[in-house]
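A short write-up of the structure that comes next.
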Amino acid sequence: MEKQDLYKKRDSALREKFNDIAEDYEKYRFTYPKQLFEDIFIYSGLGKDALEIGIGTGKATPFFLEKKYRIVAVEPVKNMLEIAKRKFSRENIKFIHSTFENLNIAEQFDLIYAASSFQWVNGSDRLEKVYARLRNGGVFARFKTVNMIDPGKHFNNAALIEAYQEYLPDYLPTDVTKKHMRNEEYKRNGFSDLKRNAYFIDHEFAVEEYLNLINTYTEYLILDESLRKEFEDYIKNKLTREQIVITQKCTLNLARKK
């Protein structure tokens with residue numbers, strides 16, 4: 001199956017698919033390495049007013065709460081927002097059911113961050129909008145995860161790669177560094193002091209656990225059901241009761257408003 005450019009669609013129907021799997025998203029999706037957040041805090045300084053673009057179920061949020069940030073959290077998917085509200089009901093967070101593009105508030109922030117969400121923001125002016133909502137010297141932190149399959153990490157990973165090559169060759173998880181926004185795009189929108197870091201964590205899974213994880217990602221949610229079943233059956237038959245190792249690569253981009 002040829003891979004679609006999912007984020008060019010970015011329509012409400014595609015977003016709403018996450019309503020159906022919100023609980024699984026919370027259960028199976030990774031959080032992010034602690035060092036990533038430490039690097040954000042060192043870079044960003046003392047200001048404590050933050051905007052989170054796409055809180056989802058709140059995978060990144062606890063790290064900012066621990067540092068006493070006052071957070072405005074925006075999320076367009078209702079069921080995911082409800083989970084976040086439930087988790088953080090006693091915390092200093094203002095929740096808004098909206099896309100970032102349609103956000104209607106006058107506040108400016110010391111920090112705006114987007115955890116695996118900025119690819120969902122529509123419009124060629126999205127960085128311009130981030131810039132406008134930052135105070136002078138404010139920071140934009142964009143980070144996301146790609147889950148890579150390295151055949152050298154575990155002997156069973158080769159069989160998993162074979163499954164992708166057989167059924168979903170264009171969906172084989174690989175490093176997507178080249179798809180990240182280039183420095184020129186940040187500079188063109190007024191940002192300076194650009195930084196970029198990468199972090200790697202290995203996770204060992206049972207096959208069923210891995211399938212639960214990948215079924216929270218957009219590309220799998222839109223697959224034809226029969227193709228998804230063939231792909232999953234192939235993996236189960238090849239790797240019954242076996243383990244695999246996935247390398248979680250997290251990429252952090254930091255930029256400052258002049």
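For the structure tokens, the naming scheme is as follows: chains receive sequential letters (A, B, ...) according to their order of presentation, residues are indexed from 1 within each chain, and ligands are indexed from 1 in presentation order.
Across stretch 133-182 of chain A, DSSP run on the backbone finds helix (DSSP H, G or I) at Arg133, Asn157, Ala158, Ala159, Leu160, Ile161, Glu162, Ala163, Tyr164, Gln165, Glu166, Tyr167, Pro169, Asp170, Tyr171, Thr177, Lys178 and Lys179 of chain A.
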A:Asp150 environment, 10 Å, only C-alpha atoms, sequence neighbours closer than 5 positions dropped, as an mmCIF file with all heavy atoms, in the first residue's frame:
```cif
data_model
loop_
_atom_site.group_PDB
_atom_site.id
_atom_site.type_symbol
_atom_site.label_atom_id
_atom_site.label_comp_id
_atom_site.auth_asym_id
_atom_site.auth_seq_id
_atom_site.Cartn_x
_atom_site.Cartn_y
_atom_site.Cartn_z
ATOM 1 N N PHE A 155 17.087 -10.406 17.344
ATOM 2 C CA PHE A 155 17.072 -11.290 16.161
ATOM 3 C C PHE A 155 15.676 -11.388 15.551
ATOM 4 O O PHE A 155 15.520 -11.668 14.362
ATOM 5 C CB PHE A 155 17.610 -12.683 16.504
ATOM 6 C CG PHE A 155 16.783 -13.466 17.489
ATOM 7 C CD1 PHE A 155 15.749 -14.277 17.079
ATOM 8 C CD2 PHE A 155 17.074 -13.385 18.854
ATOM 9 C CE1 PHE A 155 15.000 -14.993 17.992
ATOM 10 C CE2 PHE A 155 16.332 -14.103 19.776
ATOM 11 C CZ PHE A 155 15.287 -14.910 19.357
ATOM 12 N N ASN A 157 13.652 -8.905 15.112
ATOM 13 C CA ASN A 157 13.308 -7.691 14.378
ATOM 14 C C ASN A 157 13.370 -7.897 12.869
ATOM 15 O O ASN A 157 12.649 -7.247 12.121
ATOM 16 C CB ASN A 157 14.243 -6.554 14.780
ATOM 17 C CG ASN A 157 13.854 -5.929 16.113
ATOM 18 O OD1 ASN A 157 13.038 -6.479 16.846
ATOM 19 N ND2 ASN A 157 14.446 -4.801 16.434
ATOM 20 N N ALA A 158 14.229 -8.787 12.426
ATOM 21 C CA ALA A 158 14.329 -9.051 10.979
ATOM 22 C C ALA A 158 13.012 -9.592 10.439
ATOM 23 O O ALA A 158 12.574 -9.210 9.345
ATOM 24 C CB ALA A 158 15.465 -10.036 10.711
ATOM 25 N N LEU A 160 10.068 -8.997 11.687
ATOM 26 C CA LEU A 160 9.110 -7.891 11.707
ATOM 27 C C LEU A 160 9.298 -6.997 10.479
ATOM 28 O O LEU A 160 8.324 -6.577 9.848
ATOM 29 C CB LEU A 160 9.279 -7.087 12.997
ATOM 30 C CG LEU A 160 8.314 -5.923 13.212
ATOM 31 C CD1 LEU A 160 6.867 -6.405 13.209
ATOM 32 C CD2 LEU A 160 8.638 -5.206 14.522
ATOM 33 N N ILE A 161 10.553 -6.732 10.130
ATOM 34 C CA ILE A 161 10.835 -5.942 8.932
ATOM 35 C C ILE A 161 10.301 -6.657 7.686
ATOM 36 O O ILE A 161 9.736 -6.035 6.787
ATOM 37 C CB ILE A 161 12.343 -5.672 8.814
ATOM 38 C CG1 ILE A 161 12.785 -4.709 9.927
ATOM 39 C CG2 ILE A 161 12.694 -5.095 7.443
ATOM 40 C CD1 ILE A 161 14.282 -4.533 10.031
ATOM 41 N N PRO A 173 8.668 1.621 9.641
ATOM 42 C CA PRO A 173 9.128 2.721 10.503
ATOM 43 C C PRO A 173 10.612 2.992 10.321
ATOM 44 O O PRO A 173 11.455 2.118 10.502
ATOM 45 C CB PRO A 173 8.844 2.196 11.921
ATOM 46 C CG PRO A 173 7.802 1.144 11.745
ATOM 47 C CD PRO A 173 8.112 0.506 10.414
ATOM 48 N N THR A 174 10.922 4.212 9.936
ATOM 49 C CA THR A 174 12.310 4.612 9.709
ATOM 50 C C THR A 174 12.528 6.003 10.287
ATOM 51 O O THR A 174 11.597 6.665 10.741
ATOM 52 C CB THR A 174 12.645 4.638 8.206
ATOM 53 O OG1 THR A 174 11.715 5.505 7.548
ATOM 54 C CG2 THR A 174 12.566 3.247 7.603
ATOM 55 N N ILE A 244 10.181 -8.453 20.545
ATOM 56 C CA ILE A 244 10.839 -7.581 19.581
ATOM 57 C C ILE A 244 11.325 -6.343 20.328
ATOM 58 O O ILE A 244 10.859 -6.066 21.441
ATOM 59 C CB ILE A 244 9.901 -7.173 18.424
ATOM 60 C CG1 ILE A 244 8.611 -6.555 18.979
ATOM 61 C CG2 ILE A 244 9.594 -8.354 17.534
ATOM 62 C CD1 ILE A 244 7.663 -6.068 17.928
ATOM 63 N N VAL A 245 12.269 -5.621 19.727
ATOM 64 C CA VAL A 245 12.789 -4.412 20.352
ATOM 65 C C VAL A 245 12.608 -3.243 19.389
ATOM 66 O O VAL A 245 13.050 -3.301 18.238
ATOM 67 C CB VAL A 245 14.283 -4.561 20.725
ATOM 68 C CG1 VAL A 245 14.839 -3.233 21.240
ATOM 69 C CG2 VAL A 245 14.462 -5.659 21.774
ATOM 70 N N ILE A 246 11.944 -2.204 19.872
ATOM 71 C CA ILE A 246 11.701 -0.995 19.093
ATOM 72 C C ILE A 246 12.551 0.132 19.659
ATOM 73 O O ILE A 246 12.640 0.306 20.879
ATOM 74 C CB ILE A 246 10.206 -0.598 19.155
ATOM 75 C CG1 ILE A 246 9.334 -1.743 18.656
ATOM 76 C CG2 ILE A 246 9.951 0.670 18.335
ATOM 77 C CD1 ILE A 246 9.652 -2.212 17.267
ATOM 78 N N THR A 247 13.180 0.893 18.779
ATOM 79 C CA THR A 247 13.960 2.052 19.201
ATOM 80 C C THR A 247 13.117 3.316 19.035
ATOM 81 O O THR A 247 12.747 3.685 17.920
ATOM 82 C CB THR A 247 15.251 2.188 18.380
ATOM 83 O OG1 THR A 247 16.042 1.005 18.559
ATOM 84 C CG2 THR A 247 16.052 3.405 18.835
#
```
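Residue nearest A:Ile149, chosen from A:Phe205, A:Arg90, A:Tyr220, A:Gly123 and counting only C-alpha atoms: A:Phe205.
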Name the residues in contact with stretch 194-204 of chain A at a cut-off of 8 Å, using only C-alpha atoms, excluding same-chain residues fewer than 5 positions from it; report them as a PyMOL selection string. chain A and resi 33+36+183+243-256
May I have the selected residues written with N, CA and C atoms, as a PDB file, in the first residue's frame?
```pdb
ATOM      1  N   PRO A  33      11.561  10.959  26.998  1.00  0.00           N
ATOM      2  CA  PRO A  33      12.660  10.848  27.965  1.00  0.00           C
ATOM      3  C   PRO A  33      12.790  12.089  28.838  1.00  0.00           C
ATOM      4  N   LEU A  36      14.922  15.108  27.699  1.00  0.00           N
ATOM      5  CA  LEU A  36      14.333  16.022  26.724  1.00  0.00           C
ATOM      6  C   LEU A  36      13.705  17.222  27.438  1.00  0.00           C
ATOM      7  N   ASN A 183      15.776  24.803   9.450  1.00  0.00           N
ATOM      8  CA  ASN A 183      16.093  26.025  10.181  1.00  0.00           C
ATOM      9  C   ASN A 183      15.620  27.273   9.449  1.00  0.00           C
ATOM     10  N   GLN A 243       9.587 -11.875  21.491  1.00  0.00           N
ATOM     11  CA  GLN A 243       9.807 -10.476  21.814  1.00  0.00           C
ATOM     12  C   GLN A 243      10.417  -9.753  20.611  1.00  0.00           C
ATOM     13  N   ILE A 244      10.181  -8.453  20.545  1.00  0.00           N
ATOM     14  CA  ILE A 244      10.839  -7.581  19.581  1.00  0.00           C
ATOM     15  C   ILE A 244      11.325  -6.343  20.328  1.00  0.00           C
ATOM     16  N   VAL A 245      12.269  -5.621  19.727  1.00  0.00           N
ATOM     17  CA  VAL A 245      12.789  -4.412  20.352  1.00  0.00           C
ATOM     18  C   VAL A 245      12.608  -3.243  19.389  1.00  0.00           C
ATOM     19  N   ILE A 246      11.944  -2.204  19.872  1.00  0.00           N
ATOM     20  CA  ILE A 246      11.701  -0.995  19.093  1.00  0.00           C
ATOM     21  C   ILE A 246      12.551   0.132  19.659  1.00  0.00           C
ATOM     22  N   THR A 247      13.180   0.893  18.779  1.00  0.00           N
ATOM     23  CA  THR A 247      13.960   2.052  19.201  1.00  0.00           C
ATOM     24  C   THR A 247      13.117   3.316  19.035  1.00  0.00           C
ATOM     25  N   GLN A 248      12.805   3.929  20.152  1.00  0.00           N
ATOM     26  CA  GLN A 248      12.063   5.186  20.147  1.00  0.00           C
ATOM     27  C   GLN A 248      13.059   6.328  19.989  1.00  0.00           C
ATOM     28  N   LYS A 249      12.968   7.020  18.861  1.00  0.00           N
ATOM     29  CA  LYS A 249      13.792   8.206  18.653  1.00  0.00           C
ATOM     30  C   LYS A 249      12.925   9.440  18.860  1.00  0.00           C
ATOM     31  N   CYS A 250      13.315  10.281  19.789  1.00  0.00           N
ATOM     32  CA  CYS A 250      12.613  11.540  20.046  1.00  0.00           C
ATOM     33  C   CYS A 250      13.479  12.686  19.548  1.00  0.00           C
ATOM     34  N   THR A 251      12.886  13.550  18.770  1.00  0.00           N
ATOM     35  CA  THR A 251      13.596  14.709  18.237  1.00  0.00           C
ATOM     36  C   THR A 251      12.995  15.977  18.824  1.00  0.00           C
ATOM     37  N   LEU A 252      13.856  16.843  19.333  1.00  0.00           N
ATOM     38  CA  LEU A 252      13.438  18.103  19.947  1.00  0.00           C
ATOM     39  C   LEU A 252      13.985  19.266  19.146  1.00  0.00           C
ATOM     40  N   ASN A 253      13.104  20.178  18.747  1.00  0.00           N
ATOM     41  CA  ASN A 253      13.501  21.425  18.105  1.00  0.00           C
ATOM     42  C   ASN A 253      13.144  22.588  19.015  1.00  0.00           C
ATOM     43  N   LEU A 254      14.110  23.453  19.285  1.00  0.00           N
ATOM     44  CA  LEU A 254      13.909  24.613  20.142  1.00  0.00           C
ATOM     45  C   LEU A 254      14.200  25.894  19.359  1.00  0.00           C
ATOM     46  N   ALA A 255      13.381  26.908  19.581  1.00  0.00           N
ATOM     47  CA  ALA A 255      13.557  28.186  18.900  1.00  0.00           C
ATOM     48  C   ALA A 255      13.065  29.299  19.811  1.00  0.00           C
ATOM     49  N   ARG A 256      13.663  30.471  19.674  1.00  0.00           N
ATOM     50  CA  ARG A 256      13.349  31.579  20.559  1.00  0.00           C
ATOM     51  C   ARG A 256      12.853  32.788  19.759  1.00  0.00           C
TER      52      ARG A 256
END
```
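Here atom CA of A:Ile222 is placed at a distance of 28.9 Å from atom CA of A:His154.
Separating atom CA of A:Ser44 from atom CA of A:Val139 is a distance of 5.9 Å.
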Residues near A:Glu82, cut-off 10 Å, only C-alpha atoms, skip fewer than 4 positions along chain, as a ChimeraX atom specification: /A:22,56-57,75,77-78,86-88,95,97
Backbone DSSP call of strand (DSSP E) for stretch 10-123 of chain A, listed as a PyMOL selection string: chain A and resi 49-53+70-75+93-97+109-115
Nearest residue to A:Ser117 out of A:Tyr43, A:Phe100, A:Tyr186, A:Tyr131, using only C-alpha atoms? A:Phe100
